[in-house]
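As provided, run-v9.cif (mmCIF, C-alpha atoms) reads as follows.
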data_coords
loop_
_atom_site.group_PDB
_atom_site.id
_atom_site.type_symbol
_atom_site.label_atom_id
_atom_site.label_comp_id
_atom_site.auth_asym_id
_atom_site.auth_seq_id
_atom_site.Cartn_x
_atom_site.Cartn_y
_atom_site.Cartn_z
ATOM 1 C CA MET Z 16 -12.009 29.437 -4.622
ATOM 2 C CA GLY Z 17 -8.763 27.594 -5.334
ATOM 3 C CA LEU Z 18 -5.682 28.396 -7.349
ATOM 4 C CA ALA Z 19 -5.749 29.681 -10.901
ATOM 5 C CA ILE Z 20 -6.451 27.299 -13.766
ATOM 6 C CA ALA Z 21 -4.336 28.047 -16.812
ATOM 7 C CA GLY Z 22 -6.917 27.147 -19.453
ATOM 8 C CA TYR Z 23 -6.227 26.139 -23.036
ATOM 9 C CA ALA Z 24 -7.547 29.368 -24.557
ATOM 10 C CA GLU Z 25 -5.165 31.591 -22.637
ATOM 11 C CA SER Z 26 -2.192 29.224 -22.738
ATOM 12 C CA THR Z 27 0.986 30.169 -24.589
ATOM 13 C CA GLY Z 28 4.502 28.840 -25.117
ATOM 14 C CA LEU Z 29 5.451 25.619 -23.347
ATOM 15 C CA LEU Z 30 2.046 25.271 -21.726
ATOM 16 C CA ARG Z 31 0.224 25.448 -25.087
ATOM 17 C CA GLU Z 32 2.679 22.982 -26.613
ATOM 18 C CA THR Z 33 2.132 20.634 -23.685
ATOM 19 C CA TYR Z 34 -1.647 20.909 -23.928
ATOM 20 C CA ASP Z 35 -1.461 20.205 -27.663
ATOM 21 C CA ARG Z 36 0.687 17.121 -27.044
ATOM 22 C CA MET Z 37 -1.782 15.902 -24.450
ATOM 23 C CA LEU Z 38 -4.659 16.396 -26.904
ATOM 24 C CA GLN Z 39 -2.900 14.095 -29.367
ATOM 25 C CA ARG Z 40 -2.700 11.214 -26.892
ATOM 26 C CA PRO Z 41 -4.946 8.260 -27.718
ATOM 27 C CA LEU Z 42 -7.917 8.385 -25.393
ATOM 28 C CA PRO Z 43 -11.040 6.247 -25.139
ATOM 29 C CA PRO Z 44 -14.023 8.301 -26.351
ATOM 30 C CA ILE Z 45 -15.670 8.108 -22.932
ATOM 31 C CA TYR Z 46 -12.811 10.103 -21.417
ATOM 32 C CA ARG Z 47 -12.722 12.768 -24.135
ATOM 33 C CA PRO Z 48 -14.092 16.030 -22.687
ATOM 34 C CA GLN Z 49 -17.176 17.480 -24.330
ATOM 35 C CA HIS Z 50 -15.516 20.915 -24.522
ATOM 36 C CA GLY Z 51 -12.885 19.570 -26.929
ATOM 37 C CA GLY Z 52 -9.911 20.892 -24.977
ATOM 38 C CA PRO Z 53 -7.507 19.093 -22.677
ATOM 39 C CA ALA Z 54 -9.200 17.377 -19.748
ATOM 40 C CA GLY Z 55 -9.822 19.622 -16.784
ATOM 41 C CA ILE Z 56 -7.485 17.568 -14.618
ATOM 42 C CA ILE Z 57 -4.673 18.240 -17.100
ATOM 43 C CA GLN Z 58 -5.427 21.966 -17.106
ATOM 44 C CA ALA Z 59 -5.457 21.804 -13.302
ATOM 45 C CA HIS Z 60 -1.716 21.106 -13.546
ATOM 46 C CA GLY Z 61 -1.181 24.069 -15.894
ATOM 47 C CA LEU Z 62 0.720 26.160 -13.347
ATOM 48 C CA ASP Z 63 3.646 23.764 -13.855
ATOM 49 C CA PRO Z 64 3.747 22.735 -17.541
ATOM 50 C CA GLU Z 65 6.793 20.492 -17.060
ATOM 51 C CA LEU Z 66 4.932 18.502 -14.411
ATOM 52 C CA ILE Z 67 2.133 17.536 -16.820
ATOM 53 C CA PRO Z 68 4.043 14.865 -18.795
ATOM 54 C CA LYS Z 69 5.441 13.436 -15.550
ATOM 55 C CA VAL Z 70 2.041 13.010 -13.922
ATOM 56 C CA PHE Z 71 0.181 11.819 -16.996
ATOM 57 C CA GLY Z 72 3.102 9.677 -18.118
ATOM 58 C CA THR Z 73 2.606 7.836 -14.843
ATOM 59 C CA SER Z 74 -1.104 7.584 -15.606
ATOM 60 C CA THR Z 75 -0.295 5.843 -18.885
ATOM 61 C CA THR Z 76 1.566 3.104 -16.993
ATOM 62 C CA LEU Z 77 -1.390 2.572 -14.656
ATOM 63 C CA ASN Z 78 -4.568 3.163 -16.637
ATOM 64 C CA GLY Z 79 -3.797 1.803 -20.074
ATOM 65 C CA VAL Z 80 -2.417 -1.536 -18.956
ATOM 66 C CA GLY Z 81 -3.171 -4.445 -16.634
ATOM 67 C CA PRO Z 82 -3.200 -6.664 -14.857
ATOM 68 C CA LEU Z 83 -6.293 -4.957 -13.459
ATOM 69 C CA GLY Z 84 -8.965 -4.417 -16.070
ATOM 70 C CA TRP Z 85 -10.973 -1.288 -16.751
ATOM 71 C CA ALA Z 86 -13.787 -2.100 -14.297
ATOM 72 C CA ASP Z 87 -11.330 -2.865 -11.479
ATOM 73 C CA ARG Z 88 -9.432 0.356 -12.160
ATOM 74 C CA GLU Z 89 -12.622 2.411 -12.185
ATOM 75 C CA LEU Z 90 -13.648 0.786 -8.883
ATOM 76 C CA ILE Z 91 -10.348 1.750 -7.239
ATOM 77 C CA ASN Z 92 -10.457 5.288 -8.647
ATOM 78 C CA ALA Z 93 -14.067 5.792 -7.523
ATOM 79 C CA ILE Z 94 -13.408 4.472 -4.006
ATOM 80 C CA THR Z 95 -10.291 6.627 -3.656
ATOM 81 C CA SER Z 96 -12.079 9.703 -4.921
ATOM 82 C CA ARG Z 97 -15.039 9.248 -2.595
ATOM 83 C CA LEU Z 98 -12.814 8.754 0.459
ATOM 84 C CA ASN Z 99 -11.011 11.964 -0.459
ATOM 85 C CA GLN Z 100 -14.407 13.718 -0.649
ATOM 86 C CA CYS Z 101 -13.572 14.693 -4.213
ATOM 87 C CA PHE Z 102 -16.017 14.815 -7.108
ATOM 88 C CA TYR Z 103 -13.234 14.134 -9.628
ATOM 89 C CA MET N 6 -20.567 7.252 -8.067
ATOM 90 C CA ILE N 7 -20.045 5.207 -4.905
ATOM 91 C CA ALA N 8 -21.854 6.645 -1.892
ATOM 92 C CA ASP N 9 -20.274 4.462 0.787
ATOM 93 C CA PRO N 10 -16.851 3.021 -0.058
ATOM 94 C CA ARG N 11 -16.573 1.146 3.226
ATOM 95 C CA ALA N 12 -19.846 -0.665 2.547
ATOM 96 C CA VAL N 13 -18.413 -1.894 -0.757
ATOM 97 C CA ALA N 14 -15.258 -3.027 1.044
ATOM 98 C CA SER N 15 -17.149 -4.893 3.723
ATOM 99 C CA ARG N 16 -20.396 -6.130 2.164
ATOM 100 C CA TRP N 17 -20.165 -6.368 -1.632
ATOM 101 C CA PRO N 18 -21.178 -9.911 -2.649
ATOM 102 C CA VAL N 19 -18.120 -10.499 -4.853
ATOM 103 C CA ALA N 20 -14.992 -11.224 -2.792
ATOM 104 C CA ARG N 21 -12.598 -9.808 -5.376
ATOM 105 C CA VAL N 22 -14.472 -6.486 -5.421
ATOM 106 C CA ARG N 23 -14.406 -6.347 -1.614
ATOM 107 C CA VAL N 24 -10.653 -6.895 -1.548
ATOM 108 C CA LEU N 25 -9.927 -4.269 -4.204
ATOM 109 C CA ALA N 26 -12.169 -1.773 -2.416
ATOM 110 C CA GLU N 27 -10.496 -2.507 0.924
ATOM 111 C CA LEU N 28 -7.086 -2.016 -0.663
ATOM 112 C CA ALA N 29 -8.128 1.426 -1.917
ATOM 113 C CA VAL N 30 -9.516 2.283 1.530
ATOM 114 C CA ILE N 31 -6.263 1.307 3.237
ATOM 115 C CA VAL N 32 -3.991 3.079 0.738
ATOM 116 C CA THR N 33 -6.053 6.247 1.102
ATOM 117 C CA GLU N 34 -6.661 6.225 4.856
ATOM 118 C CA THR N 35 -4.188 3.983 6.698
ATOM 119 C CA PRO N 36 -1.400 2.772 4.390
ATOM 120 C CA TRP N 37 0.700 1.617 7.356
ATOM 121 C CA LEU N 38 -1.785 -1.190 8.086
ATOM 122 C CA PRO N 39 -1.482 -4.554 6.306
ATOM 123 C CA ALA N 40 -3.949 -4.760 3.444
ATOM 124 C CA PRO N 41 -6.009 -7.842 2.512
ATOM 125 C CA VAL N 42 -4.648 -9.465 -0.619
ATOM 126 C CA THR N 43 -6.557 -12.733 -0.902
ATOM 127 C CA ASN N 44 -7.920 -13.474 -4.379
ATOM 128 C CA LEU N 45 -5.335 -11.142 -5.951
ATOM 129 C CA THR N 46 -1.985 -11.863 -7.568
ATOM 130 C CA ASP N 47 1.124 -9.952 -6.453
ATOM 131 C CA ASP N 48 1.001 -7.935 -9.679
ATOM 132 C CA GLU N 49 -2.653 -7.039 -9.099
ATOM 133 C CA VAL N 50 -1.892 -5.889 -5.553
ATOM 134 C CA LEU N 51 0.963 -3.738 -6.822
ATOM 135 C CA HIS N 52 -1.252 -2.264 -9.536
ATOM 136 C CA ALA N 53 -4.105 -1.524 -7.120
ATOM 137 C CA ILE N 54 -1.864 0.172 -4.548
ATOM 138 C CA ALA N 55 -0.077 2.322 -7.130
ATOM 139 C CA LEU N 56 -3.327 3.275 -8.856
ATOM 140 C CA SER N 57 -5.092 4.323 -5.649
ATOM 141 C CA ALA N 58 -2.108 6.398 -4.530
ATOM 142 C CA TYR N 59 -1.897 8.006 -7.978
ATOM 143 C CA PHE N 60 -5.592 8.834 -8.133
ATOM 144 C CA GLY N 61 -5.320 10.434 -4.700
ATOM 145 C CA HIS N 62 -2.915 12.921 -6.281
ATOM 146 C CA LEU N 63 -5.452 13.810 -8.969
ATOM 147 C CA ASN N 64 -8.052 14.368 -6.234
ATOM 148 C CA ARG N 65 -5.728 16.704 -4.350
ATOM 149 C CA ILE N 66 -4.808 18.795 -7.382
ATOM 150 C CA ALA N 67 -8.455 18.938 -8.487
ATOM 151 C CA ASP N 68 -9.328 20.263 -5.026
ATOM 152 C CA ALA N 69 -6.434 22.743 -4.931
ATOM 153 C CA VAL N 70 -7.533 24.468 -8.133
ATOM 154 C CA GLY N 71 -11.263 23.733 -7.927
ATOM 155 C CA VAL N 72 -11.327 22.218 -11.379
ATOM 156 C CA PRO N 73 -14.820 21.867 -12.928
ATOM 157 C CA LEU N 74 -16.133 18.607 -14.367
ATOM 158 C CA ASP N 75 -15.503 18.071 -18.076
ATOM 159 C CA TYR N 76 -18.844 16.480 -18.798
ATOM 160 C CA THR N 77 -22.330 16.102 -17.472
ATOM 161 C CA VAL N 78 -22.987 13.100 -15.263
ATOM 162 C CA ARG N 79 -26.302 11.556 -14.291
ATOM 163 C CA HIS N 80 -25.424 10.962 -10.643
ATOM 164 C CA LEU N 81 -23.390 13.830 -9.253
ATOM 165 C CA PRO N 82 -21.336 12.973 -6.175
ATOM 166 C CA PRO N 83 -22.271 14.888 -3.049
ATOM 167 C CA HIS N 84 -20.451 18.136 -2.391
ATOM 168 C CA ALA N 85 -17.520 17.841 -0.035
ATOM 169 C CA GLU N 86 -18.559 18.374 3.539
ATOM 170 C CA PRO N 87 -15.942 20.784 4.951
ATOM 171 C CA ALA N 88 -16.645 19.582 8.484
ATOM 172 C CA THR N 89 -15.499 16.063 7.641
ATOM 173 C CA PRO N 90 -12.661 15.356 10.079
ATOM 174 C CA PRO N 91 -9.168 14.853 8.636
ATOM 175 C CA LEU N 92 -7.808 11.390 8.030
ATOM 176 C CA VAL N 93 -5.806 10.192 11.015
ATOM 177 C CA ALA N 94 -2.020 10.447 11.096
ATOM 178 C CA ALA N 95 -0.041 7.220 11.260
ATOM 179 C CA SER N 96 -0.055 5.438 14.578
ATOM 180 C CA ARG N 97 3.013 3.389 13.683
ATOM 181 C CA THR N 98 5.750 3.424 11.089
ATOM 182 C CA VAL N 99 7.277 1.031 8.602
ATOM 183 C CA VAL N 100 10.640 1.127 6.856
ATOM 184 C CA ALA N 101 9.589 1.708 3.292
ATOM 185 C CA THR N 102 11.372 1.814 -0.058
ATOM 186 C CA LEU N 103 10.323 1.854 -3.691
ATOM 187 C CA ASP N 104 12.161 -1.438 -4.313
ATOM 188 C CA ARG N 105 9.052 -3.599 -4.593
ATOM 189 C CA LEU N 106 7.663 -1.290 -7.249
ATOM 190 C CA ALA N 107 10.546 -2.320 -9.516
ATOM 191 C CA LYS N 108 8.432 -5.319 -10.540
ATOM 192 C CA ARG N 109 6.241 -2.773 -12.317
ATOM 193 C CA GLY N 110 9.091 -1.199 -14.259
ATOM 194 C CA PRO N 111 7.355 1.469 -16.377
ATOM 195 C CA THR N 112 5.428 2.789 -13.364
ATOM 196 C CA ALA N 113 8.595 2.854 -11.239
ATOM 197 C CA LEU N 114 10.488 4.760 -13.935
ATOM 198 C CA ALA N 115 7.634 7.233 -14.405
ATOM 199 C CA LEU N 116 7.469 7.868 -10.655
ATOM 200 C CA VAL N 117 11.218 8.440 -10.469
ATOM 201 C CA ALA N 118 10.984 11.044 -13.258
ATOM 202 C CA TRP N 119 8.046 12.678 -11.479
ATOM 203 C CA ARG N 120 9.892 12.661 -8.148
ATOM 204 C CA GLU N 121 13.030 14.191 -9.690
ATOM 205 C CA HIS N 122 11.035 17.006 -11.265
ATOM 206 C CA VAL N 123 9.310 17.848 -7.986
ATOM 207 C CA PHE N 124 12.131 17.386 -5.486
ATOM 208 C CA GLU N 125 15.285 18.322 -7.375
ATOM 209 C CA ARG N 126 14.776 22.013 -8.084
ATOM 210 C CA ASP N 127 15.101 25.115 -6.016
ATOM 211 C CA ALA N 128 12.171 27.313 -7.040
ATOM 212 C CA PRO N 129 9.543 28.396 -6.229
ATOM 213 C CA LEU N 130 10.096 26.347 -3.049
ATOM 214 C CA ALA N 131 13.655 25.795 -1.888
ATOM 215 C CA LEU N 132 15.180 22.313 -2.013
ATOM 216 C CA ARG N 133 15.313 22.314 1.780
ATOM 217 C CA GLN N 134 11.602 23.106 2.017
ATOM 218 C CA ARG N 135 10.729 20.306 -0.417
ATOM 219 C CA ALA N 136 12.652 17.792 1.669
ATOM 220 C CA MET N 137 11.054 19.117 4.854
ATOM 221 C CA ILE N 138 7.557 18.694 3.423
ATOM 222 C CA ALA N 139 8.339 15.199 2.121
ATOM 223 C CA ARG N 140 9.580 14.085 5.527
ATOM 224 C CA HIS N 141 6.528 15.511 7.256
ATOM 225 C CA VAL N 142 4.102 13.909 4.810
ATOM 226 C CA GLY N 143 5.986 10.626 5.060
ATOM 227 C CA ALA N 144 5.669 10.649 8.836
ATOM 228 C CA LEU N 145 1.925 11.352 8.598
ATOM 229 C CA LEU N 146 1.539 8.277 6.389
ATOM 230 C CA GLY N 147 3.663 5.895 8.443
ATOM 231 C CA HIS N 148 6.981 6.239 6.654
ATOM 232 C CA ALA N 149 9.804 5.828 9.175
ATOM 233 C CA VAL N 150 11.715 9.039 8.467
ATOM 234 C CA ASP N 151 13.479 11.671 10.529
ATOM 235 C CA GLY N 152 11.281 14.448 11.833
ATOM 236 C CA ALA N 153 10.839 17.682 9.928
ATOM 237 C CA THR N 154 11.324 20.702 12.143
ATOM 238 C CA PRO N 155 10.218 23.958 10.508
ATOM 239 C CA ALA N 156 13.004 26.549 10.559
ATOM 240 C CA SER N 157 10.774 29.610 10.149
ATOM 241 C CA SER N 158 7.181 30.754 10.328
ATOM 242 C CA ILE N 159 6.886 30.243 6.565
ATOM 243 C CA ASP N 160 8.172 26.697 6.946
ATOM 244 C CA ALA N 161 5.525 26.126 9.602
ATOM 245 C CA MET N 162 2.848 27.397 7.194
ATOM 246 C CA LEU N 163 4.140 25.055 4.482
ATOM 247 C CA VAL N 164 3.951 22.119 6.875
ATOM 248 C CA GLU N 165 0.429 23.132 7.860
ATOM 249 C CA LEU N 166 -0.613 23.282 4.194
ATOM 250 C CA ALA N 167 1.029 19.899 3.570
ATOM 251 C CA GLU N 168 -1.054 18.405 6.369
ATOM 252 C CA VAL N 169 -4.264 19.656 4.771
ATOM 253 C CA VAL N 170 -3.197 18.335 1.360
ATOM 254 C CA THR N 171 -2.349 14.945 2.875
ATOM 255 C CA LEU N 172 -5.085 14.389 5.431
ATOM 256 C CA ALA N 173 -7.963 16.694 4.470
ATOM 257 C CA PRO N 174 -7.735 17.724 0.809
ATOM 258 C CA TRP N 175 -11.445 18.551 0.782
ATOM 259 C CA LYS N 176 -10.619 21.559 2.982
ATOM 260 C CA LEU N 177 -8.345 23.165 0.374
ATOM 261 C CA CYS N 178 -9.723 26.618 -0.330
ATOM 262 C CA ALA N 179 -8.715 30.282 -0.306
ATOM 263 C CA SER N 180 -8.608 30.513 3.483
ATOM 264 C CA VAL N 181 -6.111 27.636 3.676
ATOM 265 C CA PHE N 182 -3.844 29.407 1.195
ATOM 266 C CA ALA N 183 -4.282 32.845 2.799
ATOM 267 C CA PRO N 184 -1.426 32.740 5.369
ATOM 268 C CA LEU N 185 1.197 31.883 2.741
ATOM 269 C CA ARG N 186 -0.365 34.255 0.237
ATOM 270 C CA ALA N 187 -0.003 37.046 2.816
ATOM 271 C CA THR N 188 3.751 36.420 2.877
ATOM 272 C CA GLY N 189 3.998 36.912 -0.886
ATOM 273 C CA TYR N 190 3.349 33.403 -2.224
ATOM 274 C CA ASP N 191 1.575 33.612 -5.587
ATOM 275 C CA ASP N 192 -0.528 30.911 -7.258
ATOM 276 C CA ALA N 193 2.519 29.234 -8.810
ATOM 277 C CA ALA N 194 4.300 28.965 -5.468
ATOM 278 C CA LEU N 195 1.171 27.738 -3.690
ATOM 279 C CA PHE N 196 0.616 25.181 -6.429
ATOM 280 C CA ASP N 197 4.243 24.070 -6.055
ATOM 281 C CA ALA N 198 3.689 23.563 -2.321
ATOM 282 C CA CYS N 199 0.564 21.477 -2.986
ATOM 283 C CA VAL N 200 2.353 19.404 -5.629
ATOM 284 C CA VAL N 201 5.318 18.734 -3.331
ATOM 285 C CA ALA N 202 2.997 17.518 -0.574
ATOM 286 C CA SER N 203 0.796 15.510 -2.923
ATOM 287 C CA THR N 204 3.738 13.885 -4.711
ATOM 288 C CA ALA N 205 5.289 12.960 -1.380
ATOM 289 C CA GLY N 206 1.934 11.446 -0.465
ATOM 290 C CA VAL N 207 1.826 9.321 -3.631
ATOM 291 C CA LEU N 208 5.315 7.966 -3.010
ATOM 292 C CA SER N 209 4.772 7.369 0.694
ATOM 293 C CA ARG N 210 1.371 5.718 0.210
ATOM 294 C CA ILE N 211 2.848 3.274 -2.309
ATOM 295 C CA THR N 212 6.024 2.476 -0.390
ATOM 296 C CA VAL N 213 4.376 2.260 3.015
ATOM 297 C CA ALA N 214 1.448 0.143 1.810
ATOM 298 C CA LEU N 215 3.752 -2.257 -0.029
ATOM 299 C CA SER N 216 6.078 -2.544 2.955
ATOM 300 C CA ALA N 217 3.157 -3.051 5.363
ATOM 301 C CA LEU N 218 2.208 -6.172 3.391
ATOM 302 C CA ASP N 219 5.348 -7.822 4.771
ATOM 303 C CA ARG N 220 4.441 -7.284 8.405
#
Encoded form using structure tokens:
Amino acid sequence: MGLAIAGYAESTGLLRETYDRMLQRPLPPIYRPQHGGPAGIIQAHGLDPELIPKVFGTSTTLNGVGPLGWADRELINAITSRLNQCFY
Amino acid sequence: MIADPRAVASRWPVARVRVLAELAVIVTETPWLPAPVTNLTDDEVLHAIALSAYFGHLNRIADAVGVPLDYTVRHLPPHAEPATPPLVAASRTVVATLDRLAKRGPTALALVAWREHVFERDAPLALRQRAMIARHVGALLGHAVDGATPASSIDAMLVELAEVVTLAPWKLCASVFAPLRATGYDDAALFDACVVASTAGVLSRITVALSALDR
């Protein structure tokens, strides 16, 4: 068992505001979680709400733009994830 | 799901796919080694290196908190095998800076903001401890930096945790956190320690891999 996940339902204050801002970000339907809340990887950062826009602001500069296209980016992410023995 | 990343890097029939896969392998495992960049533009190489380093952070945080999947998938990846040996520490160093990333301005600016948030505050971890962890992680990944000598038993535990985050994130679990937890570290402090190590890893992987291209 790892560290606590500060989920959307129990979030308050800055964390809730941050989650709500993240939910308003444009996101391709394929990446929208079925549970309707913020993606699990965002909630995984919930112990430090101020970190969330830093990390996912970086993501926006890497995943929404080129020069590498979507398939290339998914290839790199999948290879990296597998080497790190991570299911994410 | 990719079962064998190294097979993709070495045997995939499309050269461009092989090169991108090999880049991700090198950034993740041995960023101090020169990466293959044939068939890619400079901007594509920069993008691939930054993306792989960034995604490695997501992997580490996902492992630290044990986050569940958001959706059902047809082909689940295999569970992490805890006995998998750690990645190897750097066998040589390079002098690395973020300068080359300036060609990708928005990413460079975002990383600077991220770095400032993580390294320029004094709680839960002290500034000194953040710098110590960053130096240690940098050395593990081939960044030519001064050594990081722990000043206390807690510092030594932080360095030990940083090594797991950097070289064996699949081993992150309650028993890895237990020594620091026994000294009074709560989830927020343990998360801070993981984030410091992981962020240092992102920055070092990018800077070292980019600098190794020049060798």
Around the point (-2.8, 7.4, 5.4) (coordinates from the file), which residues reach within 7 Å if we count all atoms listed in the file? Answer as a PyMOL selection string.
chain N and resi 32-36+92-95+145-146+210
To one decimal in Å, tell me the separation between atom CA of N:Asp75 and atom CA of Z:Leu66.
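Atom CA of N:Asp75 sits 20.8 Å away from atom CA of Z:Leu66.
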Could you jot down the atom CA of Z:Ile67 to atom CA of N:Phe182 separation for me, Å, one decimal place?
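Distance between the two atoms: 22.4 Å.
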Taking only C-alpha atoms into account, which of N:Ala179, N:Ile54, N:Ala88, N:Met137 comes nearest chain Z?
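Selected residue with least distance to chain Z: N:Ala179.
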Go through N:Pro111, N:Pro90, N:Pro10, N:Pro41 and flag the residue nearest Z:Ser74, using all atoms listed in the file for the distances.
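That would be N:Pro111, the residue with the smallest distance to Z:Ser74.
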On this file, the PyMOL selection byres ((chain Z) within 6 of (chain N)) gives some set of residues; write that set as a PyMOL selection string.
chain Z and resi 16-18+48-49+62+69+73+76+82+91+94-95+100-102
For a test of reading the model, state the distance in Å between atom CA of N:Ala12 and atom CA of Z:Ile56, rounded to one decimal.
27.9 Å
From N:Ala187, N:Val169, N:Val213, N:Ala136, residue lying nearest N:Thr154 [all atoms listed in the file]:
N:Ala136
Smallest atom-to-atom distance to Z:Arg36: which of Z:Ala86, Z:Ile57, Z:Leu98, Z:Val80, using all atoms listed in the file?
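Closest candidate: Z:Ile57.
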Can you pull out every residue within 10 Å of Z:Leu42, counting only C-alpha atoms, but drop anything in the same chain fewer than 5 positions away, and send it as a PyMOL selection string?
chain Z and resi 37+47+79
Taking the file as shown, what set of residues would the PyMOL selection byres ((chain Z and resi 35) around 12) give back, as an MDAnalysis selection string?
chainID Z and resid 23:24 26:34 36:40 51:54 57:58 64 67:68
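With all atoms listed in the file as the basis for measurement, N:Ala217 is the residue among N:Ile211, N:Ala131, N:Ala156, N:Ala217 that approaches N:Val100 most closely.
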Check what the PyMOL selection byres ((chain N and resi 142) around 8) selects in the file above and give those residues as a PyMOL selection string.
chain N and resi 138-141+143-146+167-168+171+202+205-206+209
Please determine, counting all atoms listed in the file, which residue among N:Asp127, N:Ala198, N:Arg23, N:Leu218 has the shortest atom-to-atom distance to N:Glu165.
N:Ala198
Let me have the centre and edge lengths of the axis-aligned box enclosing all listed atoms of stretch 87-103 of chain Z with 6 Å padding on every side, in Å to one decimal, as JSON.
{"center_x": -12.7, "center_y": 6.0, "center_z": -5.9, "size_x": 18.6, "size_y": 29.7, "size_z": 24.6}
